Structure formats: structure tokens, C-alpha cells
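Everything below belongs to protein-v1.txt, which stores compact mmCIF, C-alpha atoms.
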```txt
# COMPACT_ATOMS: atom_id res chain seq x y z
CA MET A 1155 -36.23 33.21 -6.52
CA ARG A 1156 -38.88 30.51 -6.53
CA SER A 1157 -40.21 29.51 -3.13
CA ALA A 1158 -39.98 25.81 -4.02
CA PHE A 1159 -36.26 26.13 -4.63
CA VAL A 1160 -35.68 27.98 -1.36
CA GLN A 1161 -37.60 25.38 0.61
CA SER A 1162 -35.71 22.54 -1.05
CA GLN A 1163 -32.38 24.28 -0.51
CA SER A 1164 -33.09 24.86 3.18
CA SER A 1165 -34.15 21.25 3.69
CA VAL A 1166 -31.04 19.85 2.00
CA VAL A 1167 -28.69 22.10 3.97
CA SER A 1168 -30.43 21.32 7.30
CA ASN A 1169 -30.23 17.58 6.70
CA LEU A 1170 -26.60 17.91 5.67
CA LEU A 1171 -25.66 19.83 8.82
CA LEU A 1172 -27.39 17.26 11.03
CA SER A 1173 -25.80 14.28 9.31
CA SER A 1174 -22.38 15.95 9.37
CA ARG A 1175 -22.41 16.36 13.16
CA LYS A 1176 -21.84 12.66 13.87
CA LEU A 1177 -18.98 12.48 11.40
CA LEU A 1178 -17.37 15.65 12.72
CA THR A 1179 -17.69 14.62 16.35
CA ALA A 1180 -15.67 11.51 15.63
CA SER A 1181 -13.15 13.29 13.43
CA PHE A 1182 -9.61 14.25 14.42
CA GLY A 1183 -8.45 16.23 11.41
CA LYS A 1184 -10.83 19.19 11.36
CA LYS A 1185 -9.07 21.14 8.60
CA PRO A 1186 -9.49 18.70 5.68
CA ILE A 1187 -13.19 18.21 6.52
CA ILE A 1188 -13.74 21.96 6.15
CA PHE A 1189 -13.41 21.79 2.37
CA LEU A 1190 -15.67 18.74 2.11
CA LEU A 1191 -18.36 20.30 4.29
CA PHE A 1192 -18.18 23.65 2.49
CA LEU A 1193 -18.23 21.88 -0.87
CA PHE A 1194 -21.36 19.84 -0.31
CA ILE A 1195 -23.26 22.67 1.35
CA SER A 1196 -22.36 24.86 -1.59
CA LEU A 1197 -23.41 22.21 -4.10
CA ALA A 1198 -26.78 21.99 -2.37
CA SER A 1199 -27.17 25.75 -2.70
CA PHE A 1200 -25.65 26.27 -6.13
CA PRO A 1201 -27.47 25.44 -9.41
CA GLN A 1202 -25.43 24.69 -12.51
CA ASP A 1203 -25.77 26.57 -15.81
CA SER A 1204 -23.84 25.55 -18.90
CA SER A 1205 -23.92 29.10 -20.28
CA LYS A 1206 -21.56 30.29 -17.54
CA PRO A 1207 -18.16 29.11 -16.21
CA GLU A 1208 -18.14 25.66 -14.66
CA PHE A 1209 -18.41 25.21 -10.90
CA PHE A 1210 -14.69 24.70 -10.49
CA ILE A 1211 -11.89 26.43 -12.34
CA GLY A 1212 -9.85 23.72 -13.98
CA PRO A 1213 -6.60 24.01 -15.90
CA HIS A 1214 -8.41 25.15 -19.06
CA ARG A 1215 -8.17 28.80 -20.07
CA MET A 1216 -11.16 31.11 -19.86
CA SER A 1217 -12.57 31.75 -23.32
CA LYS A 1218 -13.11 35.25 -24.71
CA LYS A 1219 -16.86 34.69 -24.60
CA VAL A 1220 -16.72 33.81 -20.90
CA ASN A 1221 -14.61 36.87 -20.14
CA GLU A 1222 -17.10 39.10 -21.95
CA GLN A 1223 -19.94 37.65 -19.88
CA ALA A 1224 -17.99 38.21 -16.68
CA ILE A 1225 -18.07 42.02 -16.94
CA TYR A 1226 -21.84 41.99 -16.36
CA PRO A 1227 -22.44 40.90 -12.75
CA ASN A 1228 -25.72 39.13 -12.13
CA THR A 1229 -27.24 40.56 -8.95
CA ASN A 1230 -29.43 37.53 -8.25
CA ARG A 1231 -26.50 35.18 -8.64
CA ILE A 1232 -24.27 37.35 -6.47
CA TRP A 1233 -26.85 37.14 -3.69
CA LEU A 1234 -27.14 33.38 -4.20
CA VAL A 1235 -23.36 32.88 -4.07
CA THR A 1236 -23.15 35.11 -1.00
CA ALA A 1237 -25.82 33.00 0.69
CA ALA A 1238 -24.00 29.79 -0.28
CA ASN A 1239 -20.76 31.11 1.24
CA VAL A 1240 -22.50 32.27 4.41
CA ILE A 1241 -24.24 28.90 4.77
CA GLY A 1242 -21.12 26.92 3.91
CA TYR A 1243 -18.62 28.84 6.01
CA GLY A 1244 -20.97 29.90 8.80
CA GLY A 1245 -22.63 26.52 9.14
CA SER A 1246 -19.35 24.65 9.33
CA LEU A 1247 -18.01 27.12 11.92
CA ILE A 1248 -21.07 26.53 14.10
CA ILE A 1249 -20.63 22.77 13.81
CA LEU A 1250 -16.91 22.99 14.56
CA ASN A 1251 -17.55 25.13 17.62
CA ASN A 1252 -20.22 22.75 18.95
CA THR A 1253 -18.22 19.58 18.31
CA TRP A 1254 -14.66 20.63 19.18
CA TYR A 1255 -14.33 23.84 21.11
CA LYS A 1256 -17.25 24.03 23.55
CA ASN A 1257 -16.05 21.00 25.52
CA TYR A 1258 -12.69 22.58 26.35
CA PRO A 1259 -11.86 25.63 28.51
CA HIS A 1260 -11.39 28.95 26.71
CA THR A 1261 -8.07 30.70 27.26
CA SER A 1262 -6.30 33.88 26.22
CA PHE A 1263 -4.50 33.88 22.87
CA HIS A 1264 -1.62 31.41 22.93
CA THR A 1265 0.54 29.59 20.39
CA PHE A 1266 1.43 25.95 19.91
CA ASN A 1267 4.39 24.69 17.91
CA ASP A 1268 3.17 21.68 15.94
CA SER A 1269 5.53 22.15 12.99
CA LYS A 1270 7.03 18.66 13.50
CA GLU A 1271 3.75 16.89 14.25
CA TRP A 1272 2.70 13.96 12.03
CA LEU A 1273 5.80 14.51 9.88
CA GLN A 1274 3.99 17.51 8.33
CA VAL A 1275 1.33 15.37 6.59
CA ASP A 1276 -1.33 17.44 8.38
CA LYS A 1277 0.27 20.60 6.96
CA ALA A 1278 -0.14 19.20 3.47
CA GLY A 1279 -3.82 18.78 4.39
CA HIS A 1280 -4.02 22.47 5.28
CA ALA A 1281 -2.56 23.46 1.91
CA TRP A 1282 -4.94 21.13 0.05
CA THR A 1283 -7.94 22.54 1.92
CA ALA A 1284 -6.99 26.18 1.28
CA TYR A 1285 -6.31 25.49 -2.39
CA ASN A 1286 -9.51 23.62 -3.16
CA THR A 1287 -11.75 25.86 -1.07
CA GLY A 1288 -10.38 28.84 -2.97
CA ARG A 1289 -10.86 27.03 -6.28
CA ALA A 1290 -14.51 26.27 -5.51
CA SER A 1291 -15.28 29.75 -4.21
CA THR A 1292 -13.64 31.46 -7.19
CA ALA A 1293 -15.71 29.46 -9.66
CA MET A 1294 -18.91 30.43 -7.87
CA TRP A 1295 -18.03 34.12 -8.06
CA ARG A 1296 -17.23 33.70 -11.77
CA TRP A 1297 -20.65 32.12 -12.24
CA ALA A 1298 -22.13 35.16 -10.49
CA GLY A 1299 -20.60 37.39 -13.16
CA LEU A 1300 -17.57 38.91 -11.46
CA SER A 1301 -14.49 39.53 -13.57
CA ASP A 1302 -11.84 36.84 -13.52
CA LYS A 1303 -9.49 38.99 -11.41
CA LYS A 1304 -12.11 39.96 -8.82
CA ALA A 1305 -13.44 36.41 -8.54
CA THR A 1306 -9.90 35.07 -8.18
CA LEU A 1307 -8.95 37.52 -5.44
CA ILE A 1308 -12.19 37.09 -3.46
CA GLY A 1309 -12.44 33.34 -3.88
CA GLY A 1310 -8.73 32.58 -3.74
CA LEU A 1311 -8.22 34.44 -0.49
CA SER A 1312 -11.34 33.00 1.11
CA GLY A 1313 -9.75 29.62 1.85
CA ALA A 1314 -6.84 31.11 3.80
CA ALA A 1315 -9.15 33.67 5.46
CA TYR A 1316 -11.56 30.99 6.63
CA LEU A 1317 -8.79 28.78 7.96
CA THR A 1318 -7.40 31.81 9.80
CA VAL A 1319 -10.71 32.04 11.67
CA ILE A 1320 -10.32 28.37 12.62
CA GLU A 1321 -6.79 29.10 13.79
CA LEU A 1322 -8.09 31.92 15.99
CA LEU A 1323 -10.54 29.50 17.58
CA ASP A 1324 -7.62 27.15 18.22
CA ALA A 1325 -5.65 30.02 19.75
CA HIS A 1326 -8.33 30.57 22.40
CA SER A 1327 -8.86 26.90 23.25
CA ALA A 1328 -6.95 25.11 26.00
CA LYS A 1329 -6.83 21.98 23.84
CA TRP A 1330 -5.05 23.62 20.91
CA GLY A 1331 -3.26 26.88 20.10
CA TRP A 1332 -2.32 29.22 17.27
CA SER A 1333 0.04 27.42 14.90
CA TRP A 1334 2.34 29.44 12.65
CA ALA A 1335 3.09 26.25 10.73
CA ASP A 1336 -0.62 25.80 10.00
CA MET A 1337 -0.86 29.40 8.83
CA ALA A 1338 2.13 28.97 6.53
CA ALA A 1339 0.49 25.91 4.96
CA ASN A 1340 -2.80 27.79 4.53
CA VAL A 1341 -1.08 30.69 2.78
CA PHE A 1342 0.92 28.27 0.63
CA GLY A 1343 -2.23 26.49 -0.57
CA SER A 1344 -4.03 29.73 -1.41
CA GLY A 1345 -0.87 31.08 -3.02
CA ILE A 1346 -0.61 28.13 -5.42
CA PHE A 1347 -4.14 28.82 -6.63
CA LEU A 1348 -3.88 32.63 -6.78
CA SER A 1349 -0.49 32.81 -8.48
CA GLN A 1350 -1.50 30.45 -11.28
CA GLN A 1351 -4.89 32.02 -11.86
CA LEU A 1352 -3.49 35.54 -11.99
CA ALA A 1353 -0.49 34.62 -14.14
CA TRP A 1354 -1.93 31.96 -16.46
CA LYS A 1355 -5.72 32.19 -15.91
CA GLU A 1356 -5.66 28.42 -15.45
CA GLN A 1357 -4.53 25.80 -12.96
CA ARG A 1358 -1.65 23.90 -14.51
CA LEU A 1359 -0.60 22.54 -11.10
CA GLN A 1360 -3.31 21.15 -8.82
CA LEU A 1361 -3.30 19.93 -5.23
CA LYS A 1362 -5.00 16.54 -4.84
CA PHE A 1363 -5.70 13.98 -2.12
CA SER A 1364 -5.85 10.18 -1.96
CA PHE A 1365 -6.46 7.64 0.80
CA HIS A 1366 -6.24 3.89 1.36
CA HIS A 1367 -7.26 1.79 4.35
CA LYS A 1368 -4.16 0.84 6.30
CA ASN A 1369 -3.71 -2.65 7.78
CA TYR A 1370 -1.17 -2.48 10.60
CA GLY A 1371 -0.76 -6.25 10.90
CA GLU A 1372 -0.15 -6.39 14.66
CA ALA A 1373 -2.77 -6.55 17.41
CA GLN A 1374 -1.25 -3.81 19.57
CA LEU A 1375 -0.79 -1.45 16.66
CA GLU A 1376 -4.27 -2.17 15.30
CA GLN A 1377 -5.72 -1.43 18.73
CA ARG A 1378 -3.79 1.84 18.89
CA ALA A 1379 -4.93 2.77 15.39
CA ASP A 1380 -8.57 2.05 16.24
CA GLY A 1381 -8.36 4.28 19.29
CA LEU A 1382 -6.39 7.04 17.59
CA PHE A 1383 -7.87 7.04 14.09
CA GLY A 1384 -11.23 5.31 14.50
CA LYS A 1385 -12.60 2.12 12.97
CA SER A 1386 -14.91 3.30 10.19
CA TRP A 1387 -13.60 4.15 6.73
CA TYR A 1388 -14.59 7.82 6.94
CA GLU A 1389 -12.88 8.26 10.31
CA ARG A 1390 -9.74 6.63 8.96
CA MET A 1391 -9.89 8.79 5.83
CA LEU A 1392 -9.94 11.98 7.91
CA LYS A 1393 -7.71 10.91 10.79
CA ASP A 1394 -5.17 8.32 9.67
CA TYR A 1395 -2.18 10.33 8.46
CA ASN A 1396 -0.37 7.04 7.71
CA ALA A 1397 -2.87 6.35 4.95
CA GLN A 1398 -3.20 9.84 3.43
CA THR A 1399 -1.24 11.10 0.43
CA TYR A 1400 -1.22 14.67 -0.90
CA TRP A 1401 -0.28 15.27 -4.52
CA LEU A 1402 0.97 18.08 -6.71
CA SER A 1403 -0.47 17.12 -10.09
CA GLY A 1404 0.70 18.91 -13.25
CA ASN A 1405 -1.13 18.94 -16.58
CA LEU A 1406 1.44 18.16 -19.27
CA LYS A 1407 -0.51 19.59 -22.20
CA SER A 1408 -0.74 22.96 -20.43
CA PHE A 1409 3.06 23.21 -20.44
CA PHE A 1410 3.60 21.61 -23.86
CA ARG A 1411 0.71 22.91 -25.93
CA LYS A 1412 2.17 21.89 -29.31
CA SER A 1413 2.73 18.29 -28.24
CA ASN A 1414 0.48 15.34 -29.08
CA LEU A 1415 0.01 14.45 -25.43
CA PRO A 1416 -3.56 13.73 -24.33
CA ALA A 1417 -5.16 16.84 -22.85
CA TRP A 1418 -6.24 14.91 -19.74
CA LEU A 1419 -2.82 13.45 -18.88
CA ASN A 1420 -1.13 14.65 -15.68
CA ILE A 1421 2.04 13.67 -13.90
CA SER A 1422 1.91 13.89 -10.11
CA VAL A 1423 4.31 13.91 -7.18
CA GLY A 1424 2.89 12.81 -3.83
CA TYR A 1425 3.88 13.16 -0.18
CA GLY A 1426 2.91 10.95 2.74
CA ALA A 1427 4.34 9.21 5.80
CA ASP A 1428 4.11 5.92 7.67
CA GLY A 1429 4.73 4.41 11.09
CA MET A 1430 3.10 7.23 13.09
CA PHE A 1431 1.20 6.27 16.26
CA GLY A 1432 1.31 9.70 17.87
CA GLY A 1433 1.71 13.26 16.72
CA PHE A 1434 5.36 13.57 17.72
CA GLN A 1435 6.48 10.11 18.87
CA ASN A 1436 5.35 6.50 19.07
CA GLN A 1437 4.58 6.48 22.76
CA TRP A 1438 1.18 6.49 24.45
CA THR A 1439 -0.73 5.48 27.56
CA ASP A 1440 -3.21 2.63 27.33
CA LYS A 1441 -6.58 2.35 29.13
CA LEU A 1442 -4.92 0.73 32.17
CA GLY A 1443 -2.48 3.61 32.53
CA ASN A 1444 0.51 1.69 31.18
CA THR A 1445 3.05 3.57 29.04
CA ILE A 1446 3.51 1.91 25.66
CA SER A 1447 6.67 2.72 23.71
CA ARG A 1448 6.99 1.52 20.10
CA TYR A 1449 10.15 3.23 18.97
CA ASP A 1450 10.98 0.05 17.07
CA VAL A 1451 8.41 1.18 14.46
CA PRO A 1452 10.19 3.69 12.21
CA ARG A 1453 8.43 6.93 11.30
CA ARG A 1454 9.16 7.37 7.60
CA ARG A 1455 8.48 10.08 5.04
CA GLN A 1456 7.41 8.88 1.60
CA ILE A 1457 7.59 10.43 -1.87
CA TYR A 1458 5.45 9.13 -4.76
CA LEU A 1459 5.52 9.48 -8.53
CA ALA A 1460 2.49 8.53 -10.64
CA PRO A 1461 0.43 9.47 -13.70
CA ASP A 1462 -2.90 11.15 -13.10
CA ILE A 1463 -6.07 12.24 -14.88
CA ASP A 1464 -7.30 15.82 -15.19
CA PHE A 1465 -11.06 15.28 -15.21
CA THR A 1466 -11.79 18.87 -16.27
CA LYS A 1467 -10.14 18.07 -19.62
CA ILE A 1468 -12.74 15.40 -20.40
CA LYS A 1469 -15.29 17.07 -22.65
CA THR A 1470 -18.98 16.60 -21.96
CA ASN A 1471 -22.22 18.55 -22.49
CA LYS A 1472 -23.79 17.15 -19.32
CA LYS A 1473 -23.89 19.82 -16.60
CA LEU A 1474 -24.07 17.33 -13.74
CA LEU A 1475 -21.17 15.35 -15.16
CA ARG A 1476 -19.05 18.49 -15.51
CA THR A 1477 -19.67 19.31 -11.87
CA ALA A 1478 -18.83 15.73 -10.85
CA PHE A 1479 -15.58 15.86 -12.85
CA SER A 1480 -14.67 19.17 -11.21
CA VAL A 1481 -15.24 17.72 -7.73
CA LEU A 1482 -13.24 14.60 -8.63
CA ASN A 1483 -10.33 16.81 -9.67
CA ALA A 1484 -9.62 17.49 -5.99
CA PHE A 1485 -8.74 13.79 -5.62
CA LYS A 1486 -5.92 11.73 -7.12
CA PHE A 1487 -6.93 9.01 -9.59
CA PRO A 1488 -5.59 5.53 -8.64
CA ALA A 1489 -2.70 4.59 -10.93
CA PRO A 1490 0.59 2.66 -11.08
CA THR A 1491 2.94 4.36 -8.61
CA LEU A 1492 6.59 4.42 -7.61
CA GLN A 1493 7.30 5.04 -3.90
CA TYR A 1494 10.47 6.17 -2.18
CA SER A 1495 10.68 5.96 1.64
CA SER A 1496 13.22 7.74 3.81
CA GLY A 1497 16.02 5.29 4.47
CA GLY A 1498 16.47 4.51 0.80
CA LYS A 1499 13.65 2.03 0.25
CA TRP A 1500 11.87 1.86 -3.12
CA LYS A 1501 8.57 0.15 -3.85
CA ALA A 1502 6.33 -0.11 -6.91
CA TYR A 1503 2.53 -0.40 -6.88
CA LEU A 1504 0.46 -1.68 -9.76
CA LEU A 1505 -2.39 0.50 -8.46
CA TYR A 1506 -1.99 2.97 -5.61
CA PHE A 1507 -4.80 4.80 -3.81
```

Target encoding C-alpha cells, full file:
Amino acid sequence: MRSAFVQSQSSVVSNLLLSSRKLLTASFGKKPIIFLLFLFISLASFPQDSSKPEFFIGPHRMSKKVNEQAIYPNTNRIWLVTAANVIGYGGSLIILNNTWYKNYPHTSFHTFNDSKEWLQVDKAGHAWTAYNTGRASTAMWRWAGLSDKKATLIGGLSGAAYLTVIELLDAHSAKWGWSWADMAANVFGSGIFLSQQLAWKEQRLQLKFSFHHKNYGEAQLEQRADGLFGKSWYERMLKDYNAQTYWLSGNLKSFFRKSNLPAWLNISVGYGADGMFGGFQNQWTDKLGNTISRYDVPRRRQIYLAPDIDFTKIKTNKKLLRTAFSVLNAFKFPAPTLQYSSGGKWKAYLLYF
């Protein structure tokens, strides 16, 4: 490996870790940020090569030529991918420990039942993180020359395995605890990836994420949101469960191969919630010690239906563009959307984020 590349790689990763600390310190939802942190560290460590599988595994099938290449592991690439995983996973664990856990007392292993917290929107975030981390890791191992099955098993299980380590840290922190609901969501996310890749060798169903900035329209609620979710857009993106939506996006052409449907067209079903100003209930204590109860604000689950774009189906010879499309495929494309809220309320959006 060229010394110039190593020096550049080390510099990029160091700068990324330093710049991530401020964001992480302010963040509430540590699980979704895991994928983002791992992704960008990996991208900084991972060169692209059009002669091998793309960085992410999309819904397209692996060609015979790619499968033939995969039976000849590339030792240099295996070491590079190993280093990228160690840097990505290890670096983010160090940051998480320094920003979350070190400020709270350590305890013996204990559990915490948060299965009803945030109307399970945070659990959807766990599944999304496990799915996309496994998808990214699998593609890197394919690039390193492992067979499709080996890369799928190693990469696909890595997301759930990594999140299990996070859960163990929670289990020994007085602030949190081991959550069986979190673990179920982690296994579910990895299972969606693994089952499709092993059965179909493609991802016909993909887990995606979208976010919009929420305006609460009332001074007291805005003040609560600022204190609970933060004021900046990136804090709100990570912390505001009222403004997050998680999608199951299916590629139509993958299921109906003989149809004339565009190869990039997906249909997606989303899940989100609204009216949440606390994990379990809308009651909190303000800075003066007064108890604020806002049970008049209903906590509502929401289901969405919208078209979507599968960016990995857009053909291009540009390596950087292929990587960008693969990263974008973890996020839902804004589109006209139909929303159903618990209580029987319907709403249509011309463009929903």
C-alpha cells in the first residue's frame, strides 16, 4: 500500500472522528448515528473499483462474471476491509463511550423495558441501522473477493453484532439498560438483509429513512422540543422522533420482471409517529421544577404510502456516482405521499420528506 494513501486515510479518519464528537455529544438517538459514522469512516478508508462489485449491494442480481471473481479473495483488499471495519466500528465505540457512558455510573448487568417508548419509532431506527450497516459491510467483503455467501454472512451479521455490543454497554450503565425490544429490532433489520441476499441474491425490499423539520406551532411545545430534541437541523434529524419516518421500499421490477415498469420504480410503506414530548408520556419538569402535563396533545402512530426511487437501478459508468447512488439508497426520496394517522385521519402531501 502506498504511503501517501495511508497518510491521507489516517488524516481523513482523524478529522472525521474529531468533528463527529460535537455532533454525537449533542445527540440523543445513538443507534441511528452508528450507521452514518461507520459509513463515512468506511468511505474514507475504502477506494472504489469498477471492476468489482459496487460499494453497496442493491436490488440487482450478481452477474456470473462477478461471482467468478469472488472465488479469488484478494489478500490486500481483505486487510484493507478489515482495517476499515476496525476503524469504523472501533472508532465509533470509543466515541460513544467517551460521549455517553463515561459520565454515568457503571452498574452490574440490568435490563430496561423500553418496548413502548416513542411509539416504537426508535425501534424502527434500530432495524434501519442494522440493515444498512450489514448492507455496507457485505459489499465491502464482496469487493475484497469473498464469495457471495461468506460476504453476506459476515457482513449481514455484523450490524446486529455491533449493536449487541452497544446494548451490552447500555446494560452496564446506570442511565440505560439492556433492552430486549432493541435486540429484537436489531435482529429483524439484519434478518431482512440476510434472508433476501441468501434467497434471491438481491435486495428487493429495502429499509430507508426520511426526515423533515417539525414546526410545533406553540411556544411551550417549541421550547420543550428545543430542550428535548435540540435546535440545529442535525440534532433534530437524529433526535426528533416526531419528524422521522422509516420506510420499507419494494422494487416493483424485481417482483414483476416481465413487466414494462421502470427498473428504478419502488413503492414504499412508511411508519412514523407524532405528538410525542417524552419517551412514554407527555409530561415533564421544566427548569423551575414545575411539572408540565400536555395530555391534550395526542400521541399518534402514522402509516404512509408513497412511490420511491431505487438509485442503484440508475445506470452510470462513474464510480463516484455509483457510490453516491448506493449511499442515497438508504434514504427515502421525497415524493407525493398518502398518510393515515391513528384515529382515522387521512392526509395527502404533494411532496413528503

Next item on the list: Find, counting only C-alpha atoms, the residue in A:Leu1504, A:Leu1234, A:Ala1335, A:Leu1359 that gets nearest to Glu1321 of chain A.
Entry: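 The shortest atom-to-atom distance to Glu1321 of chain A comes from A:Ala1335.
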
Note to self: Counting only C-alpha atoms, which residues sit no farther than 8 Å from the position (-1.8, 11.8, -17.7) in the file's frame? I'd like them as a list in words.
What the structure shows: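 With a cut-off of 8 Å, the residues come to Asn1405, Leu1406, Pro1416, Ala1417, Trp1418, Leu1419, Asn1420, Ile1421, Pro1461, Asp1462, Ile1463 and Asp1464 of chain A.
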
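Distance check against Gly1432 of chain A using all atoms listed in the file: of A:Ile1446, A:Leu1459, A:Ala1373, A:Val1341, the minimum falls on A:Ile1446.
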
Note to self: Given only C-alpha atoms as the basis, pick out the residue of A:Phe1431, A:Tyr1425, A:Tyr1400, A:Trp1334 nearest to Arg1448 of chain A.
What the structure shows: A:Phe1431

Notebook entry, point to check: Restricting the calculation to only C-alpha atoms, which member of A:Phe1342, A:Lys1393, A:Leu1492, A:Ala1353 is positioned closest to His1366 of chain A?
Noted result: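 Result for the nearest residue to His1366 of chain A: A:Lys1393.
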
Counting all atoms listed in the file, what are the residues of segment 1432-1465 of chain A within 10 Å of segment 1270-1286 of chain A, and for each of them which pair of atoms is the nearest and at what distance in Å, to one decimal? Sort the table by chain and rising number, as a tab-separated table.
```
residue	atom	partner	partner_atom	distance
A:Gly1432	CA	A:Trp1272	CA	7.4
A:Gly1433	CA	A:Glu1271	CA	4.8
A:Phe1434	CA	A:Glu1271	CA	5.1
A:Gln1435	CA	A:Glu1271	CA	8.6
A:Arg1453	CA	A:Leu1273	CA	8.1
A:Arg1454	CA	A:Leu1273	CA	8.2
A:Arg1455	CA	A:Leu1273	CA	7.1
```

Margin query: Let me make sure I understand: among A:Met1430, A:Ser1403, A:Ser1413, A:Gln1351, which one has the smallest atom-to-atom distance to Ala1379 of chain A if we use all atoms listed in the file?
Written below: A:Met1430
